file data.csv (CSV, C-alpha atoms)
chain,number,residue,atom,x,y,z
A,1,MET,CA,34.9,41.2,149.9
A,2,GLY,CA,36.8,39.6,152.7
A,3,ILE,CA,37.0,36.1,154.2
A,4,TYR,CA,33.8,34.3,155.2
A,5,LEU,CA,33.3,31.1,157.2
A,6,VAL,CA,30.5,29.2,155.7
A,7,SER,CA,28.8,25.8,155.9
A,8,ILE,CA,28.5,23.7,152.7
A,9,GLY,CA,26.1,21.0,151.8
A,10,ALA,CA,26.5,17.6,150.2
A,11,GLU,CA,26.4,18.8,146.6
A,12,GLU,CA,29.4,21.1,147.1
A,13,TRP,CA,31.2,18.8,149.5
A,14,PHE,CA,31.1,15.8,147.2
A,15,GLY,CA,31.0,17.7,143.9
A,16,GLU,CA,33.8,17.4,141.3
A,17,GLU,CA,33.2,20.7,139.5
A,18,GLU,CA,35.7,23.5,139.9
A,19,GLY,CA,35.4,25.1,143.3
A,20,GLY,CA,33.9,21.9,144.8
A,21,TRP,CA,35.4,19.9,147.6
A,22,GLY,CA,35.1,16.5,146.1
A,23,ASN,CA,38.9,15.8,146.1
A,24,VAL,CA,39.1,16.8,149.8
A,25,ALA,CA,36.0,14.7,150.7
A,26,SER,CA,37.4,11.6,148.9
A,27,ALA,CA,40.9,12.0,150.5
A,28,LEU,CA,39.4,12.5,153.9
A,29,ASN,CA,37.4,9.4,153.7
A,30,ARG,CA,40.5,7.4,152.6
A,31,GLU,CA,42.4,8.8,155.6
A,32,LEU,CA,39.5,8.0,158.0
A,33,ARG,CA,39.4,4.4,156.7
A,34,ARG,CA,43.2,4.2,157.1
A,35,ARG,CA,42.7,5.2,160.7
A,36,GLY,CA,40.0,2.6,161.3
A,37,LEU,CA,37.2,5.2,161.4
A,38,PRO,CA,34.0,5.2,159.4
A,39,PRO,CA,33.9,7.5,156.3
A,40,TYR,CA,32.2,10.9,156.5
A,41,LEU,CA,29.3,10.3,154.2
A,42,SER,CA,26.2,11.8,155.9
A,43,VAL,CA,26.6,15.4,154.8
A,44,PRO,CA,23.2,17.1,154.6
A,45,GLU,CA,22.0,19.0,151.6
A,46,GLU,CA,22.4,22.8,152.0
A,47,ALA,CA,19.2,24.0,153.6
A,48,GLY,CA,17.2,26.8,152.0
A,49,PHE,CA,17.8,30.1,153.7
A,50,VAL,CA,15.4,31.0,156.4
A,51,ARG,CA,16.7,33.8,158.6
A,52,GLY,CA,17.3,32.7,162.2
A,53,SER,CA,16.7,29.0,161.4
A,54,GLY,CA,20.2,27.9,162.2
A,55,GLN,CA,20.3,25.6,159.1
A,56,SER,CA,23.2,27.4,157.5
A,57,PHE,CA,26.3,29.2,158.8
A,58,GLU,CA,27.8,32.4,157.3
A,59,GLU,CA,30.0,34.8,159.2
A,60,LYS,CA,32.6,37.3,158.1
A,61,LEU,CA,36.0,37.6,159.7
A,62,VAL,CA,36.2,41.3,160.3
A,63,PRO,CA,38.0,42.3,163.6
A,64,SER,CA,41.8,42.0,164.1
A,65,MET,CA,42.9,38.7,165.5
A,66,ASP,CA,45.8,40.1,167.6
A,67,GLY,CA,44.0,39.9,170.9
A,68,PHE,CA,42.6,36.4,170.0
A,69,GLY,CA,46.1,35.2,169.2
A,70,ALA,CA,47.3,36.4,172.6
A,71,LEU,CA,44.3,34.7,174.4
A,72,CYS,CA,45.2,31.4,172.6
A,73,GLU,CA,48.8,31.7,173.7
A,74,ALA,CA,47.8,32.3,177.3
A,75,HIS,CA,45.3,29.4,177.5
A,76,LEU,CA,46.2,26.8,174.8
A,77,SER,CA,49.3,24.9,173.7
A,78,PRO,CA,50.6,25.7,170.2
A,79,GLY,CA,49.1,22.5,168.9
A,80,GLU,CA,45.7,23.3,170.5
A,81,ALA,CA,45.8,26.8,169.0
A,82,GLU,CA,46.5,25.3,165.6
A,83,THR,CA,43.5,22.9,166.0
A,84,LEU,CA,41.2,25.7,167.1
A,85,CYS,CA,41.9,28.3,164.4
A,86,GLY,CA,44.4,26.8,161.9
A,87,TRP,CA,42.0,24.6,160.0
A,88,THR,CA,40.7,25.1,156.5
A,89,VAL,CA,38.0,22.5,156.8
A,90,LEU,CA,35.9,21.8,159.9
A,91,VAL,CA,34.0,18.5,160.0
A,92,PRO,CA,31.7,17.0,162.6
A,93,VAL,CA,33.9,13.9,162.9
A,94,PRO,CA,35.7,13.1,166.2
A,95,LEU,CA,39.4,13.3,165.2
A,96,ASP,CA,42.2,12.7,167.7
A,97,GLU,CA,44.5,14.8,165.5
A,98,ASP,CA,44.1,17.1,162.6
A,99,ILE,CA,44.4,15.7,159.0
A,100,ARG,CA,46.6,17.4,156.4
A,101,LEU,CA,45.7,16.8,152.8
A,102,PRO,CA,47.6,18.1,149.7
A,103,PHE,CA,44.6,19.9,148.2
A,104,ASP,CA,44.1,23.6,147.6
A,105,ALA,CA,41.8,25.0,150.2
A,106,GLY,CA,41.2,28.5,148.7
A,107,TYR,CA,43.4,30.4,151.0
A,108,ASP,CA,46.1,27.8,151.5
A,109,ASP,CA,47.8,25.2,149.2
A,110,GLU,CA,46.8,22.4,151.5
A,111,SER,CA,43.7,21.4,153.5
A,112,LEU,CA,44.0,21.1,157.3
A,113,ILE,CA,41.0,19.3,158.5
A,114,ALA,CA,39.9,19.5,162.2
A,115,GLY,CA,37.2,17.7,164.0
A,116,ALA,CA,34.5,19.9,165.4
A,117,PRO,CA,34.3,18.1,168.8
A,118,ARG,CA,37.9,19.0,169.5
A,119,VAL,CA,37.4,22.6,168.3
A,120,LEU,CA,34.3,22.9,170.4
A,121,ALA,CA,36.2,21.8,173.6
A,122,LEU,CA,38.9,24.3,173.0
A,123,ALA,CA,36.5,27.1,172.2
A,124,GLU,CA,34.6,26.3,175.3
A,125,ARG,CA,37.8,26.7,177.4
A,126,LEU,CA,38.4,30.1,175.9
A,127,ALA,CA,34.8,31.1,176.4
A,128,ALA,CA,35.0,30.2,180.1
A,129,ALA,CA,38.4,32.1,180.4
A,130,ILE,CA,36.8,35.3,179.2
A,131,GLY,CA,33.3,34.7,180.7
A,132,LEU,CA,31.7,34.9,177.2
A,133,PRO,CA,28.0,35.7,177.9
A,134,ALA,CA,25.3,33.2,176.8
A,135,ASP,CA,23.5,36.1,175.1
A,136,ILE,CA,25.5,35.9,171.9
A,137,PRO,CA,23.5,34.9,168.8
A,138,THR,CA,23.1,31.1,168.4
A,139,ALA,CA,21.9,31.2,164.8
A,140,CYS,CA,24.7,32.4,162.5
A,141,ASP,CA,23.1,32.0,159.1
A,142,ASN,CA,23.3,35.6,157.8
A,143,LEU,CA,26.2,37.3,159.6
A,144,ASP,CA,24.2,37.4,162.8
A,145,LEU,CA,27.2,37.1,165.0
A,146,THR,CA,29.3,39.5,162.9
A,147,MET,CA,26.5,42.1,163.1
A,148,TRP,CA,25.8,41.6,166.8
A,149,PHE,CA,29.4,42.5,167.5
A,150,LEU,CA,29.7,45.3,164.9
A,151,ASP,CA,26.3,47.0,165.1
A,152,GLY,CA,26.2,47.8,168.8
A,153,ALA,CA,24.4,45.0,170.6
A,154,ALA,CA,27.7,43.7,172.0
A,155,GLN,CA,28.7,47.2,173.2
A,156,GLU,CA,25.3,47.6,174.9
A,157,LEU,CA,25.6,44.3,176.7
A,158,ALA,CA,29.2,45.1,177.7
A,159,ALA,CA,28.0,48.4,179.3
A,160,THR,CA,25.4,46.6,181.4
A,161,ARG,CA,27.4,43.3,182.0
A,162,PRO,CA,31.1,44.1,181.8
A,163,GLY,CA,33.7,41.4,182.3
A,164,PRO,CA,36.8,40.0,180.7
A,165,TRP,CA,34.8,39.3,177.5
A,166,SER,CA,34.0,43.0,177.1
A,167,GLU,CA,37.6,44.2,177.4
A,168,ASP,CA,38.3,43.3,173.8
A,169,LEU,CA,35.2,42.7,171.7
A,170,GLY,CA,37.3,41.5,168.7
A,171,THR,CA,38.8,38.7,170.8
A,172,ALA,CA,35.3,37.9,172.1
A,173,PHE,CA,34.0,37.8,168.5
A,174,TYR,CA,36.6,35.1,167.5
A,175,VAL,CA,35.9,33.0,170.6
A,176,ALA,CA,32.2,33.2,169.8
A,177,LEU,CA,32.9,32.5,166.1
A,178,TYR,CA,34.8,29.3,166.7
A,179,LEU,CA,32.4,28.2,169.4
A,180,ARG,CA,29.3,28.6,167.2
A,181,ALA,CA,31.0,27.1,164.1
A,182,ALA,CA,31.9,23.9,166.0
A,183,GLN,CA,28.4,23.7,167.5
A,184,HIS,CA,26.8,24.2,164.1
A,185,SER,CA,29.0,21.6,162.4
A,186,ILE,CA,28.1,19.0,165.1
A,187,ARG,CA,24.4,19.9,165.2
A,188,ARG,CA,23.9,19.9,161.4
A,189,GLY,CA,26.5,17.3,160.5
A,190,CYS,CA,28.0,19.6,157.9
A,191,PRO,CA,31.5,20.8,157.0
A,192,LEU,CA,32.5,24.5,157.3
A,193,VAL,CA,35.1,26.1,155.1
A,194,TYR,CA,36.5,29.6,154.4
A,195,SER,CA,35.4,31.3,151.2
call {"tool": "encode", "arguments": {"input": "data.csv", "output": "structure tokens"}}
result
Amino acid sequence: MGIYLVSIGAEEWFGEEEGGWGNVASALNRELRRRGLPPYLSVPEEAGFVRGSGQSFEEKLVPSMDGFGALCEAHLSPGEAETLCGWTVLVPVPLDEDIRLPFDAGYDDESLIAGAPRVLALAERLAAAIGLPADIPTACDNLDLTMWFLDGAAQELAATRPGPWSEDLGTAFYVALYLRAAQHSIRRGCPLVYS
């Protein structure tokens, strides 16, 4: 069990069945229109799983977030920290501010929608602050990032290339997680949610 961060395709995003995100998708599009922005309609179908293809995103939130919270406090304003890691739905839409919708989001009684371009910019700031190495996995379709940090590859790299990133691998994991999630959302044009 646990909490996973996953990408979803058009069928689940626009679906009206129980567990689907159709209400959120419709309400988001109404809010985008109200703001004078085009609706978010170009959600791709969920790709068939091919390990390492980067067509889907699935990572498990395992380490403690304490160090990551402290890093956010040191480098981000409270509003920026909320945008980076307080969302329940991440979309590839450039939003000037987060959107709150009164729909259940699985782990919360409302949906907080953030735009991936803003999340990416904030994650990049944190990655620069800790000197996150470029060697972290780019494809995150089958817990690749989670396993890289938990199975020893991160520790091996930390031993040969230490730096601020290696002082707290749990913190580095969350920086990498939000960085890769935003990149994936933008590249694939898909939403990411917690499940």
call {"tool": "residues_around", "arguments": {"input": "data.csv", "residues": "Leu101 (chain A)", "least_positions_apart": "6", "cutoff": "7 Å", "atoms": "all atoms listed in the file", "output": "PyMOL selection string"}}
result
chain A and resi 110-112
call {"tool": "closest_residue", "arguments": {"input": "data.csv", "among": "A:Ala129, A:Leu37, A:Ala172, A:Val91", "to": "Trp148 (chain A)", "atoms": "only C-alpha atoms"}}
result
A:Ala172
call {"tool": "closest_residue", "arguments": {"input": "data.csv", "among": "A:Pro102, A:Gly79, A:Gly170, A:Pro44", "to": "Ile186 (chain A)", "atoms": "only C-alpha atoms"}}
result
A:Pro44
call {"tool": "closest_residue", "arguments": {"input": "data.csv", "among": "A:Thr146, A:Asn29, A:Thr83, A:Ser166", "to": "Gly115 (chain A)", "atoms": "only C-alpha atoms"}}
result
A:Thr83
call {"tool": "atom_distance", "arguments": {"input": "data.csv", "atom1": "CA of Glu45 (chain A)", "atom2": "CA of Ile8 (chain A)"}}
result
8.1 Å
call {"tool": "atom_distance", "arguments": {"input": "data.csv", "atom1": "CA of Ala116 (chain A)", "atom2": "CA of Asp98 (chain A)"}}
result
10.4 Å
call {"tool": "closest_atom_pairs", "arguments": {"input": "data.csv", "of": "region 41-127 of chain A", "to": "region 30-33 of chain A", "cutoff": "12 Å", "atoms": "only C-alpha atoms", "output": "Markdown table"}}
result
| residue | atom | partner | partner_atom | distance |
| --- | --- | --- | --- | --- |
| A:Leu41 | CA | A:Leu32 | CA | 11.1 |
| A:Val93 | CA | A:Leu32 | CA | 9.5 |
| A:Pro94 | CA | A:Leu32 | CA | 10.4 |
| A:Leu95 | CA | A:Leu32 | CA | 8.9 |
| A:Asp96 | CA | A:Leu32 | CA | 11.1 |
| A:Glu97 | CA | A:Leu32 | CA | 11.3 |
| A:Asp98 | CA | A:Glu31 | CA | 11.0 |
| A:Ile99 | CA | A:Glu31 | CA | 7.9 |
| A:Arg100 | CA | A:Glu31 | CA | 9.6 |
| A:Leu101 | CA | A:Glu31 | CA | 9.1 |
| A:Ile113 | CA | A:Glu31 | CA | 11.0 |
| A:Gly115 | CA | A:Leu32 | CA | 11.6 |
call {"tool": "build_atoms", "arguments": {"input": "data.csv", "residues": "region 17-33 of chain A", "atoms": "N, CA and C atoms", "output": "PDB file, in the coordinates of the input"}}
result
ATOM      1  N   GLU A  17      33.012  19.489 140.374  1.00  0.00           N
ATOM      2  CA  GLU A  17      33.200  20.700 139.500  1.00  0.00           C
ATOM      3  C   GLU A  17      34.209  21.621 140.183  1.00  0.00           C
ATOM      4  N   GLU A  18      34.701  22.545 139.382  1.00  0.00           N
ATOM      5  CA  GLU A  18      35.700  23.500 139.900  1.00  0.00           C
ATOM      6  C   GLU A  18      35.098  24.268 141.064  1.00  0.00           C
ATOM      7  N   GLY A  19      35.881  24.395 142.108  1.00  0.00           N
ATOM      8  CA  GLY A  19      35.400  25.100 143.300  1.00  0.00           C
ATOM      9  C   GLY A  19      34.730  24.109 144.299  1.00  0.00           C
ATOM     10  N   GLY A  20      34.493  22.864 143.880  1.00  0.00           N
ATOM     11  CA  GLY A  20      33.900  21.900 144.800  1.00  0.00           C
ATOM     12  C   GLY A  20      34.961  21.276 145.682  1.00  0.00           C
ATOM     13  N   TRP A  21      34.514  20.535 146.628  1.00  0.00           N
ATOM     14  CA  TRP A  21      35.400  19.900 147.600  1.00  0.00           C
ATOM     15  C   TRP A  21      35.517  18.435 147.479  1.00  0.00           C
ATOM     16  N   GLY A  22      35.149  17.901 146.298  1.00  0.00           N
ATOM     17  CA  GLY A  22      35.100  16.500 146.100  1.00  0.00           C
ATOM     18  C   GLY A  22      36.469  15.780 146.338  1.00  0.00           C
ATOM     19  N   ASN A  23      37.582  16.381 145.898  1.00  0.00           N
ATOM     20  CA  ASN A  23      38.900  15.800 146.100  1.00  0.00           C
ATOM     21  C   ASN A  23      39.213  15.694 147.622  1.00  0.00           C
ATOM     22  N   VAL A  24      38.885  16.748 148.348  1.00  0.00           N
ATOM     23  CA  VAL A  24      39.100  16.800 149.800  1.00  0.00           C
ATOM     24  C   VAL A  24      38.239  15.716 150.468  1.00  0.00           C
ATOM     25  N   ALA A  25      36.970  15.656 150.075  1.00  0.00           N
ATOM     26  CA  ALA A  25      36.000  14.700 150.700  1.00  0.00           C
ATOM     27  C   ALA A  25      36.532  13.261 150.460  1.00  0.00           C
ATOM     28  N   SER A  26      36.959  12.948 149.240  1.00  0.00           N
ATOM     29  CA  SER A  26      37.400  11.600 148.900  1.00  0.00           C
ATOM     30  C   SER A  26      38.722  11.272 149.717  1.00  0.00           C
ATOM     31  N   ALA A  27      39.659  12.216 149.739  1.00  0.00           N
ATOM     32  CA  ALA A  27      40.900  12.000 150.500  1.00  0.00           C
ATOM     33  C   ALA A  27      40.680  11.866 151.962  1.00  0.00           C
ATOM     34  N   LEU A  28      39.757  12.659 152.497  1.00  0.00           N
ATOM     35  CA  LEU A  28      39.400  12.500 153.900  1.00  0.00           C
ATOM     36  C   LEU A  28      38.880  11.168 154.226  1.00  0.00           C
ATOM     37  N   ASN A  29      37.985  10.675 153.410  1.00  0.00           N
ATOM     38  CA  ASN A  29      37.400   9.400 153.700  1.00  0.00           C
ATOM     39  C   ASN A  29      38.457   8.242 153.573  1.00  0.00           C
ATOM     40  N   ARG A  30      39.401   8.373 152.647  1.00  0.00           N
ATOM     41  CA  ARG A  30      40.500   7.400 152.600  1.00  0.00           C
ATOM     42  C   ARG A  30      41.321   7.423 153.865  1.00  0.00           C
ATOM     43  N   GLU A  31      41.603   8.636 154.352  1.00  0.00           N
ATOM     44  CA  GLU A  31      42.400   8.800 155.600  1.00  0.00           C
ATOM     45  C   GLU A  31      41.621   8.269 156.791  1.00  0.00           C
ATOM     46  N   LEU A  32      40.338   8.519 156.838  1.00  0.00           N
ATOM     47  CA  LEU A  32      39.500   8.000 158.000  1.00  0.00           C
ATOM     48  C   LEU A  32      39.528   6.479 157.952  1.00  0.00           C
ATOM     49  N   ARG A  33      39.371   5.876 156.782  1.00  0.00           N
ATOM     50  CA  ARG A  33      39.400   4.400 156.700  1.00  0.00           C
ATOM     51  C   ARG A  33      40.765   3.868 157.132  1.00  0.00           C
TER      52      ARG A  33
END
